[in-house]
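The structure appears below as structure tokens.
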Amino acid sequence: MSFLVIGECVADIVRAPAGSGAADRVHPGGSPANVAYGLARLGRDVTLLTQLADDPPGRLIGDHLKGAGVRVEVGGHPERTPSAVVGLDAEGRATYAFDIAWTLEAGALPGEAPAHVHIGSVAAVTDPGAAAVLAGAERFRDRATVSYDPNVRPALMGEHGPAVARVERCVALADLVKASDEDLAWLYPGETPEAVAARWLALGPAVVLVTRGAAGSFAVTRHHTVAAGAPPADVVDTVGAGDSFMSAVLDALAARDREALGALSAGELAGLLARAGAAAAVTVSRAGARPPDRAELDAACEDLART
């Protein structure tokens, strides 16, 4: 099964908590790039359509992705590779300051349809390149399933009302949506994650997943609502945790077409949340967005089953 991920690469400059004495670290990042990397680590055939500059961060990210087996298609060379200064608090939670431009053109889209298209984050809502991302989802949707992760970055979202409208357009194009409770709190202040998930389900997706950090996650379909706790983890940082969760979800559901996604049973949803949660737990236990490979994920799931 082939995956096409469309979205940004970002050089994550990770700063340790003040007073820790630790040096800054530079990691390959960007939510869509992390999802592509996670899928490749799990042995999947994945292409990432992105933009990279011919500079040291761009070469670092390209080598990182290709080293895992990601096929990287570059749809434009910005003056510099996008970057994000990632600040960590004492509990490893991340905040971001961005330097990102996204100018992908529709002509960069591949001609051959993949089996699945994943879109999200900055690339799906940042003009002028967002139009190409949506065009890709729309072009391939008749032949491919589509997933979306808003991965909200408030500093890059612009005015709130139009930002929500852009996100909801992406939700309506997707068969599967994953968001964090923090994403939903910014998009719909004062509303519960459960209420937002139900609203999004009505827009068209077959499955809506919501992650809640240490509080676990839940899944909603038209037939079931299933919640799962978060596996225990020694947190180094939370960078890439949601993307690792997303990669594990897409890997687990790779054989499902649109109709089958809507027919997932409560037991299947529980297993899906447990496996994706295990992937995120592995990722937060080490620095940067470093998702597990299949052997590591299988081992983590086995450990979880024994507890």
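Ordered as shown in the structure tokens, chains take letters A, B, and onward, while each chain numbers its residues from 1 and ligands are numbered from 1 in the order shown.
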Rows by chain and residue number, stretch 184-298 of chain A within 9 Å of stretch 137-147 of chain A, shortest pair, only C-alpha atoms, as JSON lines:
```
{"residue": "A:Pro205", "atom": "CA", "partner": "A:Ser147", "partner_atom": "CA", "distance": 8.8}
{"residue": "A:Leu250", "atom": "CA", "partner": "A:Ser147", "partner_atom": "CA", "distance": 8.3}
{"residue": "A:Arg256", "atom": "CA", "partner": "A:Thr145", "partner_atom": "CA", "distance": 8.7}
{"residue": "A:Asp257", "atom": "CA", "partner": "A:Thr145", "partner_atom": "CA", "distance": 6.6}
{"residue": "A:Arg258", "atom": "CA", "partner": "A:Thr145", "partner_atom": "CA", "distance": 6.2}
```
For this session: Could you give me, as a ChimeraX atom specification, the residues within 12 Å of stretch 130-133 of chain A, counting only C-alpha atoms and dropping anything in the same chain fewer than 5 positions from it?
Result: /A:4-8,32,48-50,75,101-110,117-125,138-140,146,148,166-167,169-170,173
Could you write those residues out with N, CA, C and O atoms, as a compact mmCIF listing (two decimals), in the first residue's frame?
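Output below, filename selection25.txt:
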```txt
# COMPACT_ATOMS: atom_id res chain seq x y z
N LEU A 4 0.91 8.84 0.35
CA LEU A 4 1.41 10.15 -0.03
C LEU A 4 1.13 11.11 1.11
O LEU A 4 -0.04 11.29 1.51
N VAL A 5 2.17 11.71 1.66
CA VAL A 5 2.03 12.74 2.68
C VAL A 5 2.41 14.07 2.04
O VAL A 5 3.45 14.18 1.39
N ILE A 6 1.56 15.08 2.20
CA ILE A 6 1.82 16.40 1.64
C ILE A 6 1.95 17.39 2.78
O ILE A 6 1.01 17.57 3.57
N GLY A 7 3.12 18.02 2.89
CA GLY A 7 3.27 19.01 3.95
C GLY A 7 4.70 19.38 4.23
O GLY A 7 5.63 18.93 3.57
N GLU A 8 4.85 20.20 5.25
CA GLU A 8 6.12 20.86 5.52
C GLU A 8 7.14 20.01 6.26
O GLU A 8 6.78 19.11 7.03
N PRO A 32 3.87 16.83 9.09
CA PRO A 32 3.72 15.88 7.99
C PRO A 32 4.99 15.06 7.75
O PRO A 32 4.90 13.85 7.48
N LEU A 48 6.83 11.69 0.52
CA LEU A 48 6.56 12.99 1.12
C LEU A 48 6.75 14.06 0.06
O LEU A 48 7.85 14.22 -0.48
N LEU A 49 5.68 14.80 -0.26
CA LEU A 49 5.76 15.96 -1.13
C LEU A 49 5.92 17.18 -0.25
O LEU A 49 5.03 17.51 0.54
N THR A 50 7.04 17.86 -0.37
CA THR A 50 7.38 18.92 0.57
C THR A 50 8.21 20.00 -0.12
O THR A 50 8.37 19.99 -1.35
N GLY A 75 8.81 19.98 -4.00
CA GLY A 75 7.98 20.82 -4.86
C GLY A 75 8.31 22.28 -4.70
O GLY A 75 7.42 23.11 -4.53
N ALA A 101 7.67 29.47 5.58
CA ALA A 101 6.93 29.88 4.38
C ALA A 101 6.53 28.61 3.64
O ALA A 101 7.27 27.63 3.62
N TRP A 102 5.34 28.63 3.02
CA TRP A 102 4.83 27.44 2.34
C TRP A 102 4.21 27.88 1.01
O TRP A 102 3.18 28.55 0.99
N THR A 103 4.86 27.52 -0.10
CA THR A 103 4.48 28.04 -1.41
C THR A 103 4.28 26.93 -2.44
O THR A 103 4.41 27.17 -3.63
N LEU A 104 3.97 25.73 -2.00
CA LEU A 104 3.79 24.60 -2.92
C LEU A 104 2.76 24.94 -3.99
O LEU A 104 1.73 25.56 -3.71
N GLU A 105 3.03 24.52 -5.24
CA GLU A 105 2.11 24.73 -6.34
C GLU A 105 1.46 23.42 -6.76
O GLU A 105 2.05 22.35 -6.62
N ALA A 106 0.25 23.52 -7.30
CA ALA A 106 -0.50 22.32 -7.65
C ALA A 106 0.22 21.48 -8.69
O ALA A 106 0.04 20.26 -8.75
N GLY A 107 1.04 22.10 -9.53
CA GLY A 107 1.78 21.37 -10.54
C GLY A 107 2.78 20.38 -9.98
O GLY A 107 3.27 19.50 -10.70
N ALA A 108 3.09 20.51 -8.68
CA ALA A 108 4.04 19.59 -8.05
C ALA A 108 3.40 18.27 -7.66
O ALA A 108 4.11 17.31 -7.33
N LEU A 109 2.07 18.18 -7.70
CA LEU A 109 1.39 16.96 -7.28
C LEU A 109 1.70 15.82 -8.23
O LEU A 109 1.78 16.02 -9.45
N PRO A 110 1.88 14.60 -7.72
CA PRO A 110 2.16 13.44 -8.59
C PRO A 110 0.95 13.09 -9.43
O PRO A 110 -0.19 13.38 -9.07
N VAL A 117 -3.78 9.35 1.26
CA VAL A 117 -3.19 10.69 1.29
C VAL A 117 -3.32 11.24 2.71
O VAL A 117 -4.42 11.22 3.29
N HIS A 118 -2.22 11.73 3.26
CA HIS A 118 -2.26 12.39 4.56
C HIS A 118 -1.88 13.86 4.39
O HIS A 118 -0.86 14.17 3.76
N ILE A 119 -2.67 14.76 4.97
CA ILE A 119 -2.39 16.19 4.95
C ILE A 119 -2.47 16.73 6.37
O ILE A 119 -3.02 16.09 7.27
N GLY A 120 -1.93 17.93 6.55
CA GLY A 120 -2.09 18.51 7.87
C GLY A 120 -1.17 19.66 8.19
O GLY A 120 -0.33 20.08 7.38
N SER A 121 -1.37 20.18 9.38
CA SER A 121 -0.53 21.16 10.02
C SER A 121 -0.44 22.45 9.23
O SER A 121 -1.39 22.89 8.60
N VAL A 122 0.73 23.07 9.24
CA VAL A 122 0.94 24.39 8.65
C VAL A 122 0.60 24.38 7.17
O VAL A 122 -0.04 25.29 6.63
N ALA A 123 1.01 23.34 6.46
CA ALA A 123 0.87 23.30 5.00
C ALA A 123 -0.58 23.31 4.55
O ALA A 123 -0.89 23.78 3.45
N ALA A 124 -1.49 22.79 5.37
CA ALA A 124 -2.89 22.69 4.96
C ALA A 124 -3.66 23.99 5.13
O ALA A 124 -4.77 24.11 4.61
N VAL A 125 -3.09 24.96 5.85
CA VAL A 125 -3.84 26.19 6.13
C VAL A 125 -3.05 27.45 5.80
O VAL A 125 -3.55 28.56 6.01
N GLU A 138 -8.34 16.56 -2.84
CA GLU A 138 -9.54 16.50 -3.68
C GLU A 138 -9.30 15.65 -4.93
O GLU A 138 -10.17 14.88 -5.34
N ARG A 139 -8.12 15.77 -5.53
CA ARG A 139 -7.82 15.04 -6.76
C ARG A 139 -7.83 13.53 -6.55
O ARG A 139 -8.35 12.77 -7.36
N PHE A 140 -7.26 13.10 -5.43
CA PHE A 140 -7.07 11.67 -5.22
C PHE A 140 -8.18 11.02 -4.41
O PHE A 140 -8.18 9.79 -4.24
N VAL A 146 -8.24 9.47 2.85
CA VAL A 146 -7.57 10.72 3.22
C VAL A 146 -7.60 10.87 4.73
O VAL A 146 -8.62 10.60 5.38
N TYR A 148 -6.27 13.61 8.07
CA TYR A 148 -5.93 15.01 8.35
C TYR A 148 -5.64 15.19 9.83
O TYR A 148 -6.34 14.65 10.69
N ARG A 166 -10.94 27.10 7.51
CA ARG A 166 -9.97 26.34 6.73
C ARG A 166 -9.80 24.93 7.30
O ARG A 166 -9.72 23.95 6.55
N VAL A 167 -9.74 24.85 8.62
CA VAL A 167 -9.60 23.54 9.26
C VAL A 167 -10.82 22.67 8.95
O VAL A 167 -10.69 21.49 8.60
N ARG A 169 -12.78 22.79 6.42
CA ARG A 169 -12.76 22.33 5.04
C ARG A 169 -11.90 21.07 4.89
O ARG A 169 -12.25 20.12 4.19
N CYS A 170 -10.76 21.06 5.58
CA CYS A 170 -9.89 19.88 5.55
C CYS A 170 -10.57 18.69 6.22
O CYS A 170 -10.47 17.55 5.72
N LEU A 173 -12.92 16.94 3.95
CA LEU A 173 -12.29 16.16 2.89
C LEU A 173 -11.76 14.82 3.38
O LEU A 173 -11.46 13.93 2.58
```
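Picture a line from atom CA of A:Ala172 to atom CA of A:Gly277; it runs 25.2 Å.
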For this session: Go through A:Ala36, A:Thr238, A:Ala270, A:Ile100 and flag the residue nearest A:Thr283, using only C-alpha atoms for the distances.
Result: A:Thr238
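The interatomic distance for the pair atom CA of A:His116 and atom CA of A:Ala11 works out to 25.8 Å.
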Fewer than 3 positions away in the same chain doesn't count, so skip those; otherwise give me all residues within 8 Å of stretch 77-93 of chain A, counting only C-alpha atoms, as an mmCIF file with all heavy atoms, in the first residue's frame.
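Written output follows (selection.cif):
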```
data_model
loop_
_atom_site.group_PDB
_atom_site.id
_atom_site.type_symbol
_atom_site.label_atom_id
_atom_site.label_comp_id
_atom_site.auth_asym_id
_atom_site.auth_seq_id
_atom_site.Cartn_x
_atom_site.Cartn_y
_atom_site.Cartn_z
ATOM 1 N N CYS A 9 8.390 20.332 5.991
ATOM 2 C CA CYS A 9 9.516 19.906 6.816
ATOM 3 C C CYS A 9 9.968 21.121 7.628
ATOM 4 O O CYS A 9 9.955 22.249 7.134
ATOM 5 C CB CYS A 9 10.688 19.434 5.966
ATOM 6 S SG CYS A 9 10.405 17.931 5.035
ATOM 7 N N VAL A 10 10.381 20.888 8.855
ATOM 8 C CA VAL A 10 10.816 21.974 9.730
ATOM 9 C C VAL A 10 12.043 21.519 10.509
ATOM 10 O O VAL A 10 12.083 20.392 11.003
ATOM 11 C CB VAL A 10 9.698 22.382 10.724
ATOM 12 C CG1 VAL A 10 10.166 23.495 11.651
ATOM 13 C CG2 VAL A 10 8.440 22.808 9.976
ATOM 14 N N ALA A 11 13.033 22.393 10.610
ATOM 15 C CA ALA A 11 14.166 22.143 11.494
ATOM 16 C C ALA A 11 13.782 22.582 12.896
ATOM 17 O O ALA A 11 13.587 23.776 13.151
ATOM 18 C CB ALA A 11 15.394 22.905 11.012
ATOM 19 N N ASP A 12 13.626 21.628 13.802
ATOM 20 C CA ASP A 12 13.258 21.922 15.188
ATOM 21 C C ASP A 12 14.520 22.221 16.000
ATOM 22 O O ASP A 12 15.376 21.348 16.173
ATOM 23 C CB ASP A 12 12.529 20.731 15.825
ATOM 24 C CG ASP A 12 11.119 20.575 15.313
ATOM 25 O OD1 ASP A 12 10.545 21.563 14.822
ATOM 26 O OD2 ASP A 12 10.572 19.452 15.403
ATOM 27 N N ILE A 13 14.624 23.455 16.481
ATOM 28 C CA ILE A 13 15.741 23.846 17.334
ATOM 29 C C ILE A 13 15.242 23.760 18.773
ATOM 30 O O ILE A 13 14.495 24.619 19.241
ATOM 31 C CB ILE A 13 16.213 25.269 16.997
ATOM 32 C CG1 ILE A 13 16.566 25.359 15.505
ATOM 33 C CG2 ILE A 13 17.411 25.658 17.865
ATOM 34 C CD1 ILE A 13 16.734 26.782 15.004
ATOM 35 N N VAL A 14 15.595 22.681 19.440
ATOM 36 C CA VAL A 14 15.030 22.383 20.757
ATOM 37 C C VAL A 14 15.876 23.005 21.849
ATOM 38 O O VAL A 14 17.072 22.705 21.977
ATOM 39 C CB VAL A 14 14.920 20.854 20.970
ATOM 40 C CG1 VAL A 14 14.308 20.551 22.320
ATOM 41 C CG2 VAL A 14 14.096 20.221 19.855
ATOM 42 N N ARG A 15 15.258 23.870 22.635
ATOM 43 C CA ARG A 15 15.922 24.521 23.754
ATOM 44 C C ARG A 15 15.493 23.875 25.061
ATOM 45 O O ARG A 15 14.296 23.697 25.310
ATOM 46 C CB ARG A 15 15.605 26.022 23.767
ATOM 47 C CG ARG A 15 16.236 26.707 22.574
ATOM 48 C CD ARG A 15 16.348 28.187 22.707
ATOM 49 N NE ARG A 15 17.132 28.693 21.605
ATOM 50 C CZ ARG A 15 16.935 29.857 20.996
ATOM 51 N NH1 ARG A 15 15.968 30.655 21.413
ATOM 52 N NH2 ARG A 15 17.710 30.236 20.005
ATOM 53 N N ALA A 16 16.451 23.527 25.868
ATOM 54 C CA ALA A 16 16.171 22.892 27.154
ATOM 55 C C ALA A 16 15.609 23.918 28.126
ATOM 56 O O ALA A 16 15.735 25.129 27.918
ATOM 57 C CB ALA A 16 17.447 22.274 27.708
ATOM 58 N N PRO A 17 14.954 23.462 29.212
ATOM 59 C CA PRO A 17 14.434 24.397 30.205
ATOM 60 C C PRO A 17 15.525 25.311 30.740
ATOM 61 O O PRO A 17 16.684 24.918 30.872
ATOM 62 C CB PRO A 17 13.892 23.467 31.305
ATOM 63 C CG PRO A 17 13.606 22.186 30.605
ATOM 64 C CD PRO A 17 14.644 22.058 29.538
ATOM 65 N N GLN A 51 8.728 20.939 0.658
ATOM 66 C CA GLN A 51 9.659 21.945 0.177
ATOM 67 C C GLN A 51 10.870 21.968 1.095
ATOM 68 O O GLN A 51 10.726 21.945 2.322
ATOM 69 C CB GLN A 51 8.999 23.328 0.152
ATOM 70 C CG GLN A 51 7.880 23.437 -0.880
ATOM 71 C CD GLN A 51 7.343 24.844 -1.005
ATOM 72 O OE1 GLN A 51 6.915 25.446 -0.029
ATOM 73 N NE2 GLN A 51 7.352 25.374 -2.226
ATOM 74 N N LEU A 52 12.049 21.990 0.495
ATOM 75 C CA LEU A 52 13.293 22.044 1.255
ATOM 76 C C LEU A 52 14.263 22.986 0.562
ATOM 77 O O LEU A 52 14.370 22.988 -0.669
ATOM 78 C CB LEU A 52 13.941 20.658 1.349
ATOM 79 C CG LEU A 52 13.364 19.657 2.339
ATOM 80 C CD1 LEU A 52 14.019 18.300 2.149
ATOM 81 C CD2 LEU A 52 13.547 20.150 3.768
ATOM 82 N N ALA A 53 14.973 23.780 1.344
ATOM 83 C CA ALA A 53 16.043 24.613 0.796
ATOM 84 C C ALA A 53 17.326 23.795 0.705
ATOM 85 O O ALA A 53 17.501 22.799 1.416
ATOM 86 C CB ALA A 53 16.269 25.834 1.686
ATOM 87 N N ASP A 54 18.218 24.235 -0.179
ATOM 88 C CA ASP A 54 19.527 23.596 -0.286
ATOM 89 C C ASP A 54 20.463 24.275 0.709
ATOM 90 O O ASP A 54 21.366 25.037 0.353
ATOM 91 C CB ASP A 54 20.065 23.726 -1.714
ATOM 92 C CG ASP A 54 21.365 22.953 -1.904
ATOM 93 O OD1 ASP A 54 21.676 22.104 -1.047
ATOM 94 O OD2 ASP A 54 22.067 23.218 -2.896
ATOM 95 N N ASP A 55 20.221 23.994 1.987
ATOM 96 C CA ASP A 55 21.029 24.560 3.065
ATOM 97 C C ASP A 55 21.293 23.451 4.081
ATOM 98 O O ASP A 55 20.747 22.343 3.950
ATOM 99 C CB ASP A 55 20.344 25.780 3.703
ATOM 100 C CG ASP A 55 18.945 25.481 4.242
ATOM 101 O OD1 ASP A 55 18.577 24.288 4.358
ATOM 102 O OD2 ASP A 55 18.201 26.426 4.551
ATOM 103 N N PRO A 57 20.241 22.763 7.181
ATOM 104 C CA PRO A 57 19.053 22.108 7.754
ATOM 105 C C PRO A 57 18.280 21.293 6.722
ATOM 106 O O PRO A 57 17.763 20.216 7.036
ATOM 107 C CB PRO A 57 18.219 23.282 8.278
ATOM 108 C CG PRO A 57 19.196 24.384 8.491
ATOM 109 C CD PRO A 57 20.200 24.219 7.402
ATOM 110 N N GLY A 58 18.193 21.798 5.485
ATOM 111 C CA GLY A 58 17.477 21.069 4.451
ATOM 112 C C GLY A 58 18.139 19.741 4.131
ATOM 113 O O GLY A 58 17.464 18.721 3.951
ATOM 114 N N VAL A 74 10.494 17.070 -3.851
ATOM 115 C CA VAL A 74 10.613 18.474 -3.467
ATOM 116 C C VAL A 74 9.861 19.332 -4.477
ATOM 117 O O VAL A 74 10.236 19.407 -5.642
ATOM 118 C CB VAL A 74 12.087 18.906 -3.371
ATOM 119 C CG1 VAL A 74 12.185 20.387 -3.027
ATOM 120 C CG2 VAL A 74 12.809 18.064 -2.325
ATOM 121 N N TYR A 96 6.363 26.610 20.604
ATOM 122 C CA TYR A 96 7.046 26.787 19.333
ATOM 123 C C TYR A 96 7.049 28.252 18.896
ATOM 124 O O TYR A 96 6.060 28.971 19.070
ATOM 125 C CB TYR A 96 6.360 25.959 18.244
ATOM 126 C CG TYR A 96 6.367 24.477 18.480
ATOM 127 C CD1 TYR A 96 5.410 23.875 19.306
ATOM 128 C CD2 TYR A 96 7.325 23.661 17.905
ATOM 129 C CE1 TYR A 96 5.414 22.506 19.534
ATOM 130 C CE2 TYR A 96 7.334 22.285 18.123
ATOM 131 C CZ TYR A 96 6.369 21.721 18.933
ATOM 132 O OH TYR A 96 6.367 20.369 19.163
ATOM 133 N N ALA A 97 8.167 28.688 18.302
ATOM 134 C CA ALA A 97 8.264 29.970 17.599
ATOM 135 C C ALA A 97 8.767 29.668 16.192
ATOM 136 O O ALA A 97 9.827 29.055 16.024
ATOM 137 C CB ALA A 97 9.221 30.908 18.325
ATOM 138 N N PHE A 98 8.013 30.094 15.156
ATOM 139 C CA PHE A 98 8.231 29.593 13.802
ATOM 140 C C PHE A 98 8.826 30.629 12.854
ATOM 141 O O PHE A 98 8.576 31.826 12.971
ATOM 142 C CB PHE A 98 6.891 29.134 13.205
ATOM 143 C CG PHE A 98 6.287 27.960 13.905
ATOM 144 C CD1 PHE A 98 5.329 28.140 14.887
ATOM 145 C CD2 PHE A 98 6.667 26.674 13.587
ATOM 146 C CE1 PHE A 98 4.761 27.058 15.536
ATOM 147 C CE2 PHE A 98 6.105 25.587 14.229
ATOM 148 C CZ PHE A 98 5.156 25.780 15.205
ATOM 149 N N ASP A 99 9.580 30.103 11.880
ATOM 150 C CA ASP A 99 10.009 30.857 10.697
ATOM 151 C C ASP A 99 9.719 29.950 9.507
ATOM 152 O O ASP A 99 10.555 29.138 9.111
ATOM 153 C CB ASP A 99 11.498 31.208 10.788
ATOM 154 C CG ASP A 99 11.997 31.949 9.555
ATOM 155 O OD1 ASP A 99 11.158 32.375 8.737
ATOM 156 O OD2 ASP A 99 13.228 32.094 9.408
ATOM 157 N N ILE A 100 8.491 30.077 8.959
ATOM 158 C CA ILE A 100 8.014 29.126 7.953
ATOM 159 C C ILE A 100 7.332 29.863 6.801
ATOM 160 O O ILE A 100 6.516 30.763 7.017
ATOM 161 C CB ILE A 100 7.007 28.122 8.570
ATOM 162 C CG1 ILE A 100 7.728 27.198 9.566
ATOM 163 C CG2 ILE A 100 6.331 27.284 7.488
ATOM 164 C CD1 ILE A 100 6.817 26.199 10.238
ATOM 165 N N ALA A 101 7.670 29.475 5.576
ATOM 166 C CA ALA A 101 6.932 29.880 4.378
ATOM 167 C C ALA A 101 6.527 28.612 3.638
ATOM 168 O O ALA A 101 7.273 27.633 3.616
ATOM 169 C CB ALA A 101 7.793 30.768 3.487
ATOM 170 N N VAL A 235 9.043 10.604 30.348
ATOM 171 C CA VAL A 235 9.016 11.638 29.324
ATOM 172 C C VAL A 235 10.327 12.413 29.287
ATOM 173 O O VAL A 235 10.735 13.015 30.281
ATOM 174 C CB VAL A 235 7.840 12.602 29.559
ATOM 175 C CG1 VAL A 235 7.841 13.713 28.503
ATOM 176 C CG2 VAL A 235 6.515 11.843 29.516
ATOM 177 N N VAL A 236 10.975 12.383 28.107
ATOM 178 C CA VAL A 236 12.127 13.247 27.840
ATOM 179 C C VAL A 236 11.641 14.536 27.218
ATOM 180 O O VAL A 236 11.981 15.625 27.662
ATOM 181 C CB VAL A 236 13.141 12.530 26.930
ATOM 182 C CG1 VAL A 236 14.267 13.484 26.525
ATOM 183 C CG2 VAL A 236 13.697 11.297 27.623
ATOM 184 N N ASP A 237 10.874 14.431 26.143
ATOM 185 C CA ASP A 237 10.125 15.565 25.606
ATOM 186 C C ASP A 237 8.959 15.027 24.796
ATOM 187 O O ASP A 237 8.912 13.838 24.477
ATOM 188 C CB ASP A 237 11.001 16.540 24.793
ATOM 189 C CG ASP A 237 11.523 15.963 23.484
ATOM 190 O OD1 ASP A 237 10.729 15.375 22.718
ATOM 191 O OD2 ASP A 237 12.731 16.105 23.207
ATOM 192 N N THR A 238 8.001 15.915 24.493
ATOM 193 C CA THR A 238 6.789 15.486 23.796
ATOM 194 C C THR A 238 6.829 15.787 22.304
ATOM 195 O O THR A 238 5.817 15.628 21.617
ATOM 196 C CB THR A 238 5.553 16.160 24.408
ATOM 197 O OG1 THR A 238 5.686 17.589 24.269
ATOM 198 C CG2 THR A 238 5.409 15.812 25.878
ATOM 199 N N VAL A 239 7.977 16.201 21.784
ATOM 200 C CA VAL A 239 8.104 16.549 20.369
ATOM 201 C C VAL A 239 7.807 15.318 19.513
ATOM 202 O O VAL A 239 8.424 14.264 19.675
ATOM 203 C CB VAL A 239 9.513 17.092 20.059
ATOM 204 C CG1 VAL A 239 9.653 17.378 18.566
ATOM 205 C CG2 VAL A 239 9.793 18.344 20.876
#
```
Exercise. Which polymer residues have any atom within 8 Å of an atom of stretch 193-197 of chain A, counting only C-alpha atoms, with same-chain residues fewer than 5 positions away left out, as a ChimeraX atom specification?
Worked result: /A:181,184-185,188,208-210,220
For this session: Within stretch 25-233 of chain A, find each residue whose DSSP state, derived from the backbone, is alpha helix (DSSP H), and express the selection as a PyMOL selection string.
Result: chain A and resi 31-41+56-68+121-125+130-140+160-173+181-187+193-203
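Inside stretch 33-91 of chain A, the residues DSSP reads as strand (DSSP E or B) when given the backbone are Asp45, Val46, Thr47, Leu48, Leu49, Thr50, Arg71, Val72, Glu73, Val74, Ser83, Ala84, Val85, Val86, Gly87 and Leu88 of chain A.
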Problem set entry | Shortest interatomic distance to A:Leu261 - which of A:Asp298, A:Asp303, A:Asp175, A:Asp243, counting only C-alpha atoms | A:Asp175
Which residues come within 12 Å of A:Glu268, counting only C-alpha atoms, excluding same-chain residues fewer than 4 positions away, as a short mmCIF file (atom, residue, chain, number, x, y, z; two decimals) with N, CA and C atoms, in the first residue's frame?
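Result file is part.cif:
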```cif
data_model
loop_
_atom_site.label_atom_id
_atom_site.label_comp_id
_atom_site.auth_asym_id
_atom_site.auth_seq_id
_atom_site.Cartn_x
_atom_site.Cartn_y
_atom_site.Cartn_z
N ALA A 219 -11.73 7.74 20.55
CA ALA A 219 -12.12 7.62 19.15
C ALA A 219 -13.63 7.67 19.05
N THR A 221 -16.82 7.16 16.14
CA THR A 221 -17.39 6.86 14.83
C THR A 221 -18.91 7.05 14.95
N HIS A 224 -19.71 4.09 17.55
CA HIS A 224 -19.01 3.84 18.82
C HIS A 224 -18.23 5.06 19.29
N THR A 225 -18.10 5.15 20.60
CA THR A 225 -17.15 6.06 21.24
C THR A 225 -16.32 5.22 22.21
N VAL A 226 -15.01 5.25 22.03
CA VAL A 226 -14.11 4.40 22.81
C VAL A 226 -12.98 5.26 23.36
N ALA A 227 -12.66 5.11 24.63
CA ALA A 227 -11.57 5.85 25.26
C ALA A 227 -10.48 4.88 25.72
N VAL A 249 -1.54 4.86 13.73
CA VAL A 249 -2.94 4.72 13.31
C VAL A 249 -3.02 4.37 11.83
N ALA A 252 -1.87 0.86 11.13
CA ALA A 252 -2.82 -0.16 11.58
C ALA A 252 -4.05 -0.25 10.68
N LEU A 253 -4.41 0.88 10.06
CA LEU A 253 -5.63 0.91 9.24
C LEU A 253 -5.34 0.85 7.75
N ARG A 256 -7.78 -0.76 5.27
CA ARG A 256 -9.19 -0.39 5.35
C ARG A 256 -9.55 0.64 4.29
N ALA A 260 -14.86 0.42 5.23
CA ALA A 260 -14.37 -0.36 6.36
C ALA A 260 -13.99 0.52 7.54
N LEU A 261 -13.52 1.73 7.28
CA LEU A 261 -13.21 2.64 8.38
C LEU A 261 -14.47 2.96 9.19
N GLY A 262 -15.56 3.18 8.50
CA GLY A 262 -16.82 3.48 9.19
C GLY A 262 -17.38 2.30 9.94
N ALA A 263 -16.92 1.09 9.61
CA ALA A 263 -17.45 -0.12 10.24
C ALA A 263 -16.56 -0.66 11.34
N LEU A 264 -15.55 0.07 11.75
CA LEU A 264 -14.67 -0.40 12.82
C LEU A 264 -15.48 -0.70 14.09
N LEU A 272 -6.72 -0.06 18.35
CA LEU A 272 -6.07 1.01 17.60
C LEU A 272 -5.51 2.07 18.54
N LEU A 273 -6.31 2.51 19.51
CA LEU A 273 -5.86 3.53 20.46
C LEU A 273 -4.70 3.02 21.30
N ALA A 274 -4.76 1.75 21.70
CA ALA A 274 -3.69 1.19 22.52
C ALA A 274 -2.38 1.15 21.74
N ARG A 275 -2.43 0.72 20.49
CA ARG A 275 -1.20 0.62 19.69
C ARG A 275 -0.63 2.01 19.38
#
```
Exercise. Which neighbours of A:Ser2 fall inside 10 Å, counting only C-alpha atoms, when residues of the same chain fewer than 6 positions from it are skipped, and could you give them as a PyMOL selection string?
Worked result: chain A and resi 44-47+113-117+144+254
Exercise. Could you pull the residues within 8 Å of A:Arg294, counting only C-alpha atoms, minus those fewer than 5 positions along the same chain, as a PyMOL selection string?
Worked result: chain A and resi 41-43
